[in-house]
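What follows is model-v4.pdb (PDB, C-alpha atoms).
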ATOM      1  CA  MET A   1     133.849 169.614  71.518
ATOM      2  CA  MET A   2     135.851 166.990  73.418
ATOM      3  CA  ILE A   3     134.854 168.531  76.792
ATOM      4  CA  LYS A   4     131.136 168.482  75.872
ATOM      5  CA  SER A   5     131.353 164.800  74.857
ATOM      6  CA  LEU A   6     132.998 163.822  78.116
ATOM      7  CA  LEU A   7     130.407 165.747  80.095
ATOM      8  CA  PHE A   8     127.587 163.996  78.201
ATOM      9  CA  LEU A   9     129.050 160.505  78.889
ATOM     10  CA  SER A  10     129.516 161.414  82.525
ATOM     11  CA  ILE A  11     125.822 162.275  82.817
ATOM     12  CA  ILE A  12     124.801 158.982  81.137
ATOM     13  CA  PHE A  13     126.930 156.826  83.482
ATOM     14  CA  SER A  14     125.750 158.819  86.451
ATOM     15  CA  GLY A  15     122.152 158.095  85.418
ATOM     16  CA  CYS A  16     122.848 154.368  85.011
ATOM     17  CA  GLN A  17     124.377 154.268  88.469
ATOM     18  CA  ASN A  18     121.217 155.721  89.962
ATOM     19  CA  ILE A  19     119.044 153.173  88.125
ATOM     20  CA  ASP A  20     121.219 150.303  89.465
ATOM     21  CA  ASP A  21     120.412 151.377  92.991
ATOM     22  CA  TYR A  22     116.841 150.122  92.506
ATOM     23  CA  VAL A  23     117.360 146.882  90.469
ATOM     24  CA  TYR A  24     117.848 144.665  93.531
ATOM     25  CA  HIS A  25     114.788 145.758  95.421
ATOM     26  CA  ASP A  26     112.056 144.047  93.345
ATOM     27  CA  ASN A  27     109.384 142.201  95.339
ATOM     28  CA  GLN A  28     109.501 138.375  95.233
ATOM     29  CA  PRO A  29     106.737 136.733  93.172
ATOM     30  CA  PRO A  30     104.061 134.939  95.211
ATOM     31  CA  GLN A  31     104.531 131.206  95.807
ATOM     32  CA  ARG A  32     102.697 129.117  93.238
ATOM     33  CA  TYR A  33     100.995 125.846  94.164
ATOM     34  CA  PHE A  34     100.200 122.692  92.206
ATOM     35  CA  GLU A  35      97.407 120.198  92.747
ATOM     36  CA  LYS A  36      96.669 117.001  90.835
ATOM     37  CA  SER A  37      94.013 114.335  91.241
ATOM     38  CA  GLN A  38      94.224 110.970  89.479
ATOM     39  CA  SER A  39      91.915 107.964  89.438
ATOM     40  CA  MET A  40      93.252 104.661  90.769
ATOM     41  CA  LEU A  41      92.190 103.056  87.493
ATOM     42  CA  SER A  42      94.971 104.938  85.682
ATOM     43  CA  PHE A  43      97.554 102.753  87.452
ATOM     44  CA  TYR A  44      96.506  99.744  85.431
ATOM     45  CA  HIS A  45      97.698 100.751  81.974
ATOM     46  CA  ASP A  46     100.567  98.231  81.857
ATOM     47  CA  SER A  47      99.844  95.826  84.661
ATOM     48  CA  LYS A  48      98.768  92.693  82.788
ATOM     49  CA  ILE A  49     101.025  89.646  82.875
ATOM     50  CA  ASP A  50     100.487  86.017  81.872
ATOM     51  CA  ILE A  51     102.568  83.539  83.895
ATOM     52  CA  LEU A  52     103.140  80.039  82.567
ATOM     53  CA  PHE A  53     104.836  77.212  84.465
ATOM     54  CA  VAL A  54     106.203  74.387  82.305
ATOM     55  CA  ILE A  55     107.030  71.498  84.644
ATOM     56  CA  ASP A  56     108.649  68.259  83.554
ATOM     57  CA  ASN A  57     106.556  65.252  84.663
ATOM     58  CA  SER A  58     108.793  62.421  83.544
ATOM     59  CA  GLY A  59     109.839  59.599  85.886
ATOM     60  CA  SER A  60     112.850  61.330  87.448
ATOM     61  CA  MET A  61     111.055  64.515  88.518
ATOM     62  CA  GLY A  62     109.462  63.455  91.817
ATOM     63  CA  GLY A  63     112.031  65.175  94.044
ATOM     64  CA  ILE A  64     112.004  68.446  92.103
ATOM     65  CA  GLN A  65     108.218  68.579  92.020
ATOM     66  CA  ASP A  66     108.192  68.060  95.794
ATOM     67  CA  ASN A  67     110.645  70.936  96.116
ATOM     68  CA  VAL A  68     108.322  73.176  94.100
ATOM     69  CA  VAL A  69     105.340  72.212  96.276
ATOM     70  CA  ARG A  70     107.245  72.844  99.524
ATOM     71  CA  ASN A  71     108.343  76.294  98.412
ATOM     72  CA  SER A  72     105.347  77.443  96.389
ATOM     73  CA  ALA A  73     104.092  79.770  99.143
ATOM     74  CA  LEU A  74     107.240  81.901  98.823
ATOM     75  CA  PHE A  75     106.682  82.252  95.089
ATOM     76  CA  MET A  76     102.938  82.897  95.343
ATOM     77  CA  ASP A  77     103.415  85.587  97.985
ATOM     78  CA  SER A  78     104.695  88.037  95.357
ATOM     79  CA  PHE A  79     101.329  87.902  93.591
ATOM     80  CA  LEU A  80      98.937  87.394  96.476
ATOM     81  CA  GLN A  81     100.342  90.465  98.269
ATOM     82  CA  ASN A  82     100.185  92.617  95.143
ATOM     83  CA  ASN A  83      96.955  94.335  94.193
ATOM     84  CA  HIS A  84      97.921  96.377  91.168
ATOM     85  CA  MET A  85      99.009  93.561  88.822
ATOM     86  CA  GLU A  86      96.406  91.864  86.624
ATOM     87  CA  TRP A  87      98.108  88.474  86.653
ATOM     88  CA  ARG A  88      96.951  85.036  85.599
ATOM     89  CA  LEU A  89      98.852  81.809  86.100
ATOM     90  CA  GLY A  90      98.804  78.473  84.307
ATOM     91  CA  ILE A  91     100.649  75.148  84.582
ATOM     92  CA  ILE A  92     101.450  72.741  81.742
ATOM     93  CA  SER A  93     103.711  69.700  81.532
ATOM     94  CA  THR A  94     106.483  68.849  79.070
ATOM     95  CA  ASP A  95     104.437  65.958  77.645
ATOM     96  CA  ALA A  96     103.428  66.898  74.092
ATOM     97  CA  LYS A  97      99.996  65.265  74.353
ATOM     98  CA  GLN A  98      98.727  66.428  77.745
ATOM     99  CA  SER A  99      96.227  69.163  78.557
ATOM    100  CA  PRO A 100      97.088  71.996  80.968
ATOM    101  CA  TYR A 101      96.906  71.339  84.701
ATOM    102  CA  LEU A 102      95.894  74.769  86.005
ATOM    103  CA  GLY A 103      94.502  78.063  84.823
ATOM    104  CA  PHE A 104      93.068  77.227  81.412
ATOM    105  CA  THR A 105      89.614  75.764  82.002
ATOM    106  CA  GLU A 106      89.093  78.020  85.030
ATOM    107  CA  MET A 107      91.099  81.181  85.525
ATOM    108  CA  PHE A 108      93.641  81.184  88.347
ATOM    109  CA  ASP A 109      94.306  84.913  88.571
ATOM    110  CA  ASN A 110      94.130  88.093  90.635
ATOM    111  CA  GLU A 111      90.329  88.174  90.395
ATOM    112  CA  TYR A 112      90.118  84.577  91.645
ATOM    113  CA  ALA A 113      92.418  85.535  94.512
ATOM    114  CA  LYS A 114      90.021  88.282  95.613
ATOM    115  CA  ILE A 115      87.307  85.756  96.467
ATOM    116  CA  HIS A 116      89.535  83.046  97.987
ATOM    117  CA  THR A 117      91.929  82.970 100.907
ATOM    118  CA  GLU A 118      95.680  82.974 100.483
ATOM    119  CA  GLY A 119      95.801  79.448 101.873
ATOM    120  CA  PHE A 120      93.270  78.251  99.303
ATOM    121  CA  MET A 121      95.282  79.779  96.442
ATOM    122  CA  ILE A 122      98.520  78.171  97.610
ATOM    123  CA  ASN A 123      96.827  74.786  98.132
ATOM    124  CA  THR A 124      95.297  74.952  94.654
ATOM    125  CA  PHE A 125      98.684  75.651  93.091
ATOM    126  CA  GLN A 126     100.308  72.867  95.085
ATOM    127  CA  GLY A 127      97.556  70.428  94.136
ATOM    128  CA  ALA A 128      98.057  71.151  90.439
ATOM    129  CA  VAL A 129     101.801  70.453  90.726
ATOM    130  CA  GLU A 130     101.116  67.217  92.593
ATOM    131  CA  ASN A 131      98.637  66.165  89.897
ATOM    132  CA  LEU A 132     101.393  66.322  87.286
ATOM    133  CA  GLY A 133     102.804  63.090  88.672
ATOM    134  CA  THR A 134     105.835  61.430  87.124
ATOM    135  CA  ARG A 135     104.238  59.286  84.426
ATOM    136  CA  GLY A 136     104.615  61.750  81.606
ATOM    137  CA  SER A 137     106.585  61.123  78.453
ATOM    138  CA  GLY A 138     110.342  60.600  78.700
ATOM    139  CA  ASN A 139     110.672  63.128  75.870
ATOM    140  CA  GLU A 140     110.545  66.619  77.395
ATOM    141  CA  TYR A 141     109.299  69.400  75.139
ATOM    142  CA  ASN A 142     109.325  72.813  76.793
ATOM    143  CA  PHE A 143     109.401  74.980  73.668
ATOM    144  CA  TYR A 144     106.968  72.815  71.712
ATOM    145  CA  ASN A 145     104.390  72.799  74.490
ATOM    146  CA  ILE A 146     104.627  76.540  75.098
ATOM    147  CA  LEU A 147     103.929  77.337  71.454
ATOM    148  CA  ARG A 148     101.305  74.568  71.306
ATOM    149  CA  VAL A 149      99.134  76.031  74.071
ATOM    150  CA  MET A 150      99.650  79.583  72.813
ATOM    151  CA  THR A 151      98.371  78.731  69.329
ATOM    152  CA  ASP A 152      95.793  76.019  70.096
ATOM    153  CA  TYR A 153      92.320  77.544  69.807
ATOM    154  CA  SER A 154      91.174  75.532  72.825
ATOM    155  CA  TYR A 155      93.678  77.315  75.088
ATOM    156  CA  MET A 156      94.029  80.750  73.531
ATOM    157  CA  GLY A 157      91.598  82.284  76.017
ATOM    158  CA  PHE A 158      94.318  82.092  78.655
ATOM    159  CA  PHE A 159      96.782  84.335  76.823
ATOM    160  CA  ARG A 160      96.208  88.060  76.316
ATOM    161  CA  THR A 161      97.906  89.871  73.442
ATOM    162  CA  ASP A 162      98.141  93.046  75.552
ATOM    163  CA  ALA A 163      99.836  91.303  78.498
ATOM    164  CA  HIS A 164     103.482  90.607  79.246
ATOM    165  CA  LEU A 165     104.529  86.946  79.361
ATOM    166  CA  ALA A 166     106.683  85.172  81.954
ATOM    167  CA  VAL A 167     107.561  81.506  81.404
ATOM    168  CA  ILE A 168     109.104  79.374  84.168
ATOM    169  CA  MET A 169     110.618  76.068  83.013
ATOM    170  CA  ILE A 170     111.415  73.349  85.558
ATOM    171  CA  THR A 171     113.179  70.187  84.377
ATOM    172  CA  ASP A 172     116.159  67.857  84.713
ATOM    173  CA  GLU A 173     116.548  67.138  81.005
ATOM    174  CA  LYS A 174     117.701  69.060  77.949
ATOM    175  CA  GLU A 175     115.240  70.841  75.669
ATOM    176  CA  GLN A 176     114.316  68.394  72.860
ATOM    177  CA  SER A 177     111.876  70.324  70.662
ATOM    178  CA  LEU A 178     114.440  71.338  68.035
ATOM    179  CA  GLU A 179     115.723  67.838  67.372
ATOM    180  CA  ASP A 180     112.259  66.267  67.245
ATOM    181  CA  PHE A 181     110.101  69.017  65.700
ATOM    182  CA  GLY A 182     112.506  70.997  63.555
ATOM    183  CA  GLN A 183     114.000  74.449  62.997
ATOM    184  CA  LYS A 184     110.891  76.221  64.223
ATOM    185  CA  TYR A 185     112.225  75.606  67.740
ATOM    186  CA  GLU A 186     115.693  77.070  67.250
ATOM    187  CA  VAL A 187     116.026  79.596  70.074
ATOM    188  CA  ASN A 188     115.827  82.849  68.087
ATOM    189  CA  THR A 189     113.147  81.569  65.724
ATOM    190  CA  PHE A 190     111.096  80.276  68.640
ATOM    191  CA  MET A 191     111.474  83.545  70.547
ATOM    192  CA  ASN A 192     110.286  85.552  67.545
ATOM    193  CA  ALA A 193     107.265  83.269  67.186
ATOM    194  CA  ILE A 194     106.301  83.841  70.814
ATOM    195  CA  LYS A 195     106.775  87.615  70.569
ATOM    196  CA  SER A 196     104.579  87.723  67.456
ATOM    197  CA  LEU A 197     101.687  86.513  69.610
ATOM    198  CA  LYS A 198     102.042  89.538  71.889
ATOM    199  CA  ASN A 199     101.528  93.222  71.135
ATOM    200  CA  THR A 200     104.581  95.295  70.283
ATOM    201  CA  GLY A 201     106.402  96.453  73.397
ATOM    202  CA  LYS A 202     105.202  93.638  75.646
ATOM    203  CA  VAL A 203     107.938  91.837  77.573
ATOM    204  CA  VAL A 204     108.505  88.110  77.003
ATOM    205  CA  ARG A 205     110.819  86.681  79.673
ATOM    206  CA  PHE A 206     112.003  83.143  80.375
ATOM    207  CA  TYR A 207     113.093  81.703  83.720
ATOM    208  CA  GLY A 208     114.293  78.268  84.729
ATOM    209  CA  ALA A 209     114.956  75.962  87.660
ATOM    210  CA  PHE A 210     117.052  72.979  86.604
ATOM    211  CA  GLU A 211     118.726  69.860  87.937
ATOM    212  CA  PHE A 212     121.880  69.907  85.865
ATOM    213  CA  PRO A 213     125.358  68.810  87.054
ATOM    214  CA  ASP A 214     126.941  72.233  86.494
ATOM    215  CA  LEU A 215     124.437  73.925  88.843
ATOM    216  CA  LYS A 216     124.763  74.201  92.603
ATOM    217  CA  ASP A 217     124.242  71.072  94.747
ATOM    218  CA  CYS A 218     123.163  68.897  91.803
ATOM    219  CA  ASP A 219     124.817  65.504  91.401
ATOM    220  CA  ASP A 220     126.746  64.490  88.296
ATOM    221  CA  SER A 221     124.579  61.547  87.267
ATOM    222  CA  TYR A 222     123.176  63.552  84.336
ATOM    223  CA  SER A 223     125.192  64.448  81.251
ATOM    224  CA  THR A 224     123.081  67.493  80.326
ATOM    225  CA  GLU A 225     124.513  70.859  81.399
ATOM    226  CA  TYR A 226     122.980  74.294  81.641
ATOM    227  CA  TYR A 227     126.014  76.004  80.104
ATOM    228  CA  GLN A 228     125.492  76.705  76.378
ATOM    229  CA  SER A 229     122.139  74.912  76.398
ATOM    230  CA  ASP A 230     118.969  76.138  74.702
ATOM    231  CA  PHE A 231     117.734  77.009  78.183
ATOM    232  CA  GLU A 232     120.689  79.283  78.864
ATOM    233  CA  ASN A 233     120.374  80.895  75.441
ATOM    234  CA  ILE A 234     116.695  81.793  75.730
ATOM    235  CA  ILE A 235     116.980  82.962  79.340
ATOM    236  CA  ASN A 236     119.888  85.227  78.443
ATOM    237  CA  LEU A 237     118.088  86.418  75.312
ATOM    238  CA  SER A 238     115.050  87.463  77.353
ATOM    239  CA  ASN A 239     116.976  88.887  80.364
ATOM    240  CA  GLY A 240     115.522  86.217  82.633
ATOM    241  CA  LEU A 241     116.904  84.305  85.619
ATOM    242  CA  HIS A 242     117.976  80.710  86.162
ATOM    243  CA  MET A 243     118.648  78.716  89.300
ATOM    244  CA  SER A 244     119.439  75.291  90.606
ATOM    245  CA  ALA A 245     116.446  73.190  91.591
ATOM    246  CA  CYS A 246     118.710  71.177  93.924
ATOM    247  CA  THR A 247     119.461  73.727  96.639
ATOM    248  CA  GLU A 248     118.003  73.953 100.123
ATOM    249  CA  ASN A 249     117.171  77.638  99.603
ATOM    250  CA  PHE A 250     115.228  76.855  96.442
ATOM    251  CA  GLY A 251     112.235  78.693  97.897
ATOM    252  CA  ASN A 252     114.155  81.966  98.209
ATOM    253  CA  ASP A 253     115.368  81.597  94.643
ATOM    254  CA  LEU A 254     111.837  80.883  93.454
ATOM    255  CA  ALA A 255     110.631  83.965  95.333
ATOM    256  CA  SER A 256     113.222  86.060  93.484
ATOM    257  CA  ILE A 257     111.621  84.957  90.211
ATOM    258  CA  GLY A 258     108.257  86.066  91.567
ATOM    259  CA  ARG A 259     109.616  89.490  92.459
ATOM    260  CA  ASP A 260     111.273  89.852  89.070
ATOM    261  CA  ILE A 261     108.016  88.976  87.302
ATOM    262  CA  ILE A 262     106.178  91.645  89.284
ATOM    263  CA  SER A 263     108.830  94.177  88.261
ATOM    264  CA  ILE A 264     108.075  93.592  84.559
ATOM    265  CA  GLY A 265     104.930  95.707  84.759
ATOM    266  CA  ASP A 266     105.154  99.395  85.499
ATOM    267  CA  ILE A 267     105.161 100.259  89.172
ATOM    268  CA  PRO A 268     102.253 102.576  89.992
ATOM    269  CA  SER A 269     103.462 106.124  89.362
ATOM    270  CA  ILE A 270     102.170 109.608  88.598
ATOM    271  CA  LEU A 271     104.028 112.064  86.354
ATOM    272  CA  LEU A 272     104.157 115.628  87.678
ATOM    273  CA  GLU A 273     103.818 118.419  85.126
ATOM    274  CA  LYS A 274     105.704 120.887  87.372
ATOM    275  CA  ARG A 275     108.864 120.511  89.445
ATOM    276  CA  PRO A 276     108.051 120.423  93.159
ATOM    277  CA  VAL A 277     109.725 121.782  96.235
ATOM    278  CA  VAL A 278     110.332 118.241  97.434
ATOM    279  CA  GLU A 279     109.786 118.972 101.113
ATOM    280  CA  SER A 280     106.330 120.378 100.361
ATOM    281  CA  ILE A 281     104.890 117.295  98.580
ATOM    282  CA  LYS A 282     101.715 115.928 100.156
ATOM    283  CA  VAL A 283     100.011 112.784  98.847
ATOM    284  CA  TYR A 284      96.516 111.640  99.798
ATOM    285  CA  TYR A 285      94.250 108.714  99.037
ATOM    286  CA  ASP A 286      90.980 110.604  98.777
ATOM    287  CA  GLU A 287      91.328 112.673 101.992
ATOM    288  CA  THR A 288      93.660 110.296 103.857
ATOM    289  CA  PRO A 289      97.345 111.400 104.016
ATOM    290  CA  LEU A 290      99.825 108.781 102.752
ATOM    291  CA  PRO A 291     103.276 108.823 104.398
ATOM    292  CA  SER A 292     106.405 108.814 102.256
ATOM    293  CA  GLY A 293     109.648 106.977 102.961
ATOM    294  CA  LYS A 294     110.931 103.424 102.764
ATOM    295  CA  GLU A 295     108.331 100.687 102.472
ATOM    296  CA  GLU A 296     109.765  98.810 105.452
ATOM    297  CA  ASP A 297     109.310 101.970 107.542
ATOM    298  CA  GLY A 298     105.640 102.299 106.632
ATOM    299  CA  GLY A 299     106.044 104.548 103.602
ATOM    300  CA  PHE A 300     103.716 104.216 100.606
ATOM    301  CA  TRP A 301     105.489 106.399  98.049
ATOM    302  CA  PHE A 302     108.720 108.136  97.047
ATOM    303  CA  TYR A 303     109.589 110.983  94.696
ATOM    304  CA  SER A 304     111.916 110.420  91.710
ATOM    305  CA  SER A 305     113.710 113.633  90.735
ATOM    306  CA  ARG A 306     115.079 111.942  87.612
ATOM    307  CA  TYR A 307     111.646 111.196  86.152
ATOM    308  CA  ASN A 308     109.681 113.806  88.145
ATOM    309  CA  THR A 309     107.227 111.152  89.308
ATOM    310  CA  ILE A 310     105.519 110.037  92.489
ATOM    311  CA  ASN A 311     106.098 106.269  92.700
ATOM    312  CA  PHE A 312     104.112 103.859  94.866
ATOM    313  CA  TYR A 313     105.457 100.583  96.272
ATOM    314  CA  ASN A 314     101.957  99.097  96.064
ATOM    315  CA  VAL A 315      98.345 100.216  96.239
ATOM    316  CA  LYS A 316      97.318  98.385  99.404
ATOM    317  CA  PHE A 317      96.063 101.699 100.791
ATOM    318  CA  ALA A 318      93.233 101.766  98.226
ATOM    319  CA  THR A 319      89.917 100.516  99.576
ATOM    320  CA  ASP A 320      88.161 101.094  96.246
ATOM    321  CA  LEU A 321      90.268 100.602  93.129
ATOM    322  CA  LYS A 322      87.475 101.773  90.823
ATOM    323  CA  LYS A 323      86.324 104.944  92.559
ATOM    324  CA  GLY A 324      89.292 105.934  94.705
ATOM    325  CA  ARG A 325      91.600 108.793  93.755
ATOM    326  CA  VAL A 326      95.132 109.865  94.587
ATOM    327  CA  ASN A 327      95.541 113.583  95.261
ATOM    328  CA  ILE A 328      98.900 115.383  95.167
ATOM    329  CA  LYS A 329      99.717 118.900  96.381
ATOM    330  CA  PHE A 330     103.023 120.788  96.467
ATOM    331  CA  ASP A 331     104.769 124.139  96.091
ATOM    332  CA  ILE A 332     106.174 124.681  92.605
ATOM    333  CA  ASP A 333     109.969 125.027  92.512
ATOM    334  CA  ASP A 334     110.397 128.265  90.522
ATOM    335  CA  GLY A 335     113.978 128.886  91.603
ATOM    336  CA  VAL A 336     113.157 131.732  94.021
ATOM    337  CA  ASP A 337     114.695 131.522  97.485
ATOM    338  CA  ARG A 338     111.980 132.616  99.898
ATOM    339  CA  ASP A 339     113.815 131.753 103.135
TER     340      ASP A 339
END

How does this structure look as structure tokens?
Amino acid sequence: MMIKSLLFLSIIFSGCQNIDDYVYHDNQPPQRYFEKSQSMLSFYHDSKIDILFVIDNSGSMGGIQDNVVRNSALFMDSFLQNNHMEWRLGIISTDAKQSPYLGFTEMFDNEYAKIHTEGFMINTFQGAVENLGTRGSGNEYNFYNILRVMTDYSYMGFFRTDAHLAVIMITDEKEQSLEDFGQKYEVNTFMNAIKSLKNTGKVVRFYGAFEFPDLKDCDDSYSTEYYQSDFENIINLSNGLHMSACTENFGNDLASIGRDIISIGDIPSILLEKRPVVESIKVYYDETPLPSGKEEDGGFWFYSSRYNTINFYNVKFATDLKKGRVNIKFDIDDGVDRD
């Protein structure tokens, strides 16, 4: 009985060995391809942003206003060279009784920029800053004026509930709304009030350029400091940026605010449903191939393996934002080595 059992097992193992001889000779599956076409209009789902400048126009602000005018082109460049953001820009003062200076009675936005030259847009912005003058109230109300124009029926057409909000405050005096208008303007309470005027998920971010003695190149003739001020608190709370308004490179700093504002909206991107063989990715605008690589080297897009997306630096390649399409083709990465 023992001999028969051993003979039976020997036959089984012998059979398995023969089967193994053929396991590694299966034919490779054919390469699978992926194609996707997407309208340019789909890039605009989260591209709206309202930009509000609040500029002090009291008697001591002449030099800072001049600095803003001189360097405004560097700030405006971020928006004038971008054609996927639906931006609009307005200017108000810190005087509690004044009307807005730009963008409220007539829109100053990306659509306006399409029908005017870059020089005209920059000159219009500069003219509005110059019109502020320095005869405004000696009481500077940044917070009060922001909430005032956002809730005043006469001005509400400027703000969109489905747009992000960027506020840039420029002053040489402390924020005085809390002490003169009450607890409504305590930083956290004020921030919550502003956010309630925007849809859930929209970014509200504060920036500032100040002439305070604890900031670079500013003199010590003022007692107000940025450190632990309401300005510092709200900028930190909203993940914004602050800078000195006294420096020679103020324009570069102002430009960095512009770039940060642009980054608030989603960069144009397309999610891929399949993982690509990266080297095989081809991207076209309609039938025109778009090169990949760094933007400074002439590239228009890059692939993110983390998010499995095709990301575009801008959409300057699009000649028709309403009818144009982006087409993507690649080999699907199915794990098979075909080399």

Give me, as CSV, the closest atom pair and its distance (Å, one decimal) for every residue of segment 93-142 of chain A within a cut-off of 7 Å of segment 58-69 of chain A, counting only C-alpha atoms, rows sorted by chain and rising number.
residue,atom,partner,partner_atom,distance
A:Gln126,CA,A:Val69,CA,5.2
A:Val129,CA,A:Gln65,CA,6.8
A:Thr134,CA,A:Gly59,CA,4.6
A:Arg135,CA,A:Ser58,CA,5.6
A:Gly136,CA,A:Ser58,CA,4.7
A:Ser137,CA,A:Ser58,CA,5.7
A:Gly138,CA,A:Ser58,CA,5.4

Within 12 Å of segment 105-121 of chain A, which residues of segment 131-244 of chain A come that close, and what is the closest atom pair and distance in Å for each? Count all atoms listed in the file and give it as JSON lines.
{"residue": "A:Ser154", "atom": "CA", "partner": "A:Thr105", "partner_atom": "CA", "distance": 9.3}
{"residue": "A:Tyr155", "atom": "CA", "partner": "A:Thr105", "partner_atom": "CA", "distance": 8.2}
{"residue": "A:Met156", "atom": "CA", "partner": "A:Thr105", "partner_atom": "CA", "distance": 10.8}
{"residue": "A:Gly157", "atom": "CA", "partner": "A:Thr105", "partner_atom": "CA", "distance": 9.1}
{"residue": "A:Phe158", "atom": "CA", "partner": "A:Met107", "partner_atom": "CA", "distance": 7.6}
{"residue": "A:Phe159", "atom": "CA", "partner": "A:Met107", "partner_atom": "CA", "distance": 10.9}

Using only C-alpha atoms, determine which residues lie at most 9 Å from Leu147 of chain A, disregarding the query and same-chain residues fewer than 5 positions distant; provide the list as an mmCIF file with C-alpha atoms, in the frame of the given file.
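The resulting file, around.cif, is shown below:
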data_model
loop_
_atom_site.group_PDB
_atom_site.id
_atom_site.type_symbol
_atom_site.label_atom_id
_atom_site.label_comp_id
_atom_site.auth_asym_id
_atom_site.auth_seq_id
_atom_site.Cartn_x
_atom_site.Cartn_y
_atom_site.Cartn_z
ATOM 1 C CA ASN A 142 109.325 72.813 76.793
ATOM 2 C CA ASP A 152 95.793 76.019 70.096
ATOM 3 C CA PHE A 190 111.096 80.276 68.640
ATOM 4 C CA ALA A 193 107.265 83.269 67.186
ATOM 5 C CA ILE A 194 106.301 83.841 70.814
#

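In this comparison, which uses all atoms listed in the file, the residue of A:Ser37, A:Asn233, A:Asn239, A:Asn249 approaching Arg325 of chain A most closely is A:Ser37.
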
List, as a PyMOL selection string, every residue that the PyMOL selection byres ((chain A and resi 307-312) around 12) selects in the file provided.
chain A and resi 36+38+40+43+82-84+266-278+281-285+290-295+298-306+313-318+326-330

Measure the distance from atom CA of Ile168 of chain A to atom CA of Asp50 of chain A in Å and round it to one decimal.
11.1 Å

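Between atom CA of Thr94 of chain A and atom CA of Phe75 of chain A lies a distance of 20.9 Å.
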
Return as JSON, numbers by chain the set of residues that the PyMOL selection byres ((chain A and resi 128) around 12) yields on the displayed structure.
{"A": [53, 54, 55, 57, 65, 66, 68, 69, 72, 89, 90, 91, 92, 93, 100, 101, 102, 103, 104, 108, 121, 122, 123, 124, 125, 126, 127, 129, 130, 131, 132, 133]}

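Running the PyMOL selection byres ((chain A and resi 175-188) around 6) on this file leaves Tyr141, Tyr144, Lys174, Thr189, Phe190 and Met191 of chain A selected.
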
Separation of atom CA of Leu165 of chain A from atom CA of Arg205 of chain A in Å:
6.3 Å

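Near Thr224 of chain A, within 10 Å and counting all atoms listed in the file, sit Asp172, Glu173, Lys174, Glu175, Glu211, Phe212, Pro213, Asp214, Asp220, Ser221, Tyr227 and Ser229 of chain A; same-chain residues fewer than 3 positions away were not included.
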
Distance query 12 Å from (116.9, 87.2, 80.5) using all atoms listed in the file, result as a short mmCIF file (atom, residue, chain, number, x, y, z; two decimals) with C-alpha atoms, in the frame of the given file:
data_model
loop_
_atom_site.label_atom_id
_atom_site.label_comp_id
_atom_site.auth_asym_id
_atom_site.auth_seq_id
_atom_site.Cartn_x
_atom_site.Cartn_y
_atom_site.Cartn_z
CA ALA A 166 106.68 85.17 81.95
CA VAL A 167 107.56 81.51 81.40
CA ILE A 168 109.10 79.37 84.17
CA MET A 191 111.47 83.54 70.55
CA VAL A 203 107.94 91.84 77.57
CA VAL A 204 108.50 88.11 77.00
CA ARG A 205 110.82 86.68 79.67
CA PHE A 206 112.00 83.14 80.38
CA TYR A 207 113.09 81.70 83.72
CA GLY A 208 114.29 78.27 84.73
CA PHE A 231 117.73 77.01 78.18
CA GLU A 232 120.69 79.28 78.86
CA ASN A 233 120.37 80.90 75.44
CA ILE A 234 116.70 81.79 75.73
CA ILE A 235 116.98 82.96 79.34
CA ASN A 236 119.89 85.23 78.44
CA LEU A 237 118.09 86.42 75.31
CA SER A 238 115.05 87.46 77.35
CA ASN A 239 116.98 88.89 80.36
CA GLY A 240 115.52 86.22 82.63
CA LEU A 241 116.90 84.30 85.62
CA HIS A 242 117.98 80.71 86.16
CA ILE A 257 111.62 84.96 90.21
CA ASP A 260 111.27 89.85 89.07
CA ILE A 261 108.02 88.98 87.30
CA ILE A 264 108.08 93.59 84.56
#

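Considering all atoms listed in the file, the residue among A:Lys323, A:Ser196, A:Lys202, A:Cys246 positioned nearest to Leu215 of chain A is A:Cys246.
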
List the spatial neighbours of Arg32 of chain A as a PDB file with C-alpha atoms, in the frame of the given file - criterion: any atom at most 9 Å away, all atoms listed in the file, same-chain residues fewer than 3 positions off excluded.
ATOM      1  CA  PRO A  29     106.737 136.733  93.172  1.00  0.00           C
ATOM      2  CA  PHE A 330     103.023 120.788  96.467  1.00  0.00           C
ATOM      3  CA  ASP A 331     104.769 124.139  96.091  1.00  0.00           C
ATOM      4  CA  ILE A 332     106.174 124.681  92.605  1.00  0.00           C
ATOM      5  CA  ASP A 333     109.969 125.027  92.512  1.00  0.00           C
ATOM      6  CA  ASP A 334     110.397 128.265  90.522  1.00  0.00           C
TER       7      ASP A 334
END

Proximity to Phe250 of chain A - best of A:Asp297, A:Asp217, A:Glu225, A:Asp77, all atoms listed in the file:
A:Asp217

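Minimum atom-to-atom distance to Thr200 of chain A, evaluated using only C-alpha atoms, belongs to A:Asp162 out of A:Glu140, A:Asp337, A:Asp46, A:Asp162.
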
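Considering all atoms listed in the file, the residue among A:Leu41, A:Val336, A:Ala245, A:Ala73 positioned nearest to Thr171 of chain A is A:Ala245.
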
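When only C-alpha atoms are used to measure the gap to Met76 of chain A, the shortest distance among A:Val149, A:Ala255, A:Ala163, A:Met243 belongs to A:Ala255.
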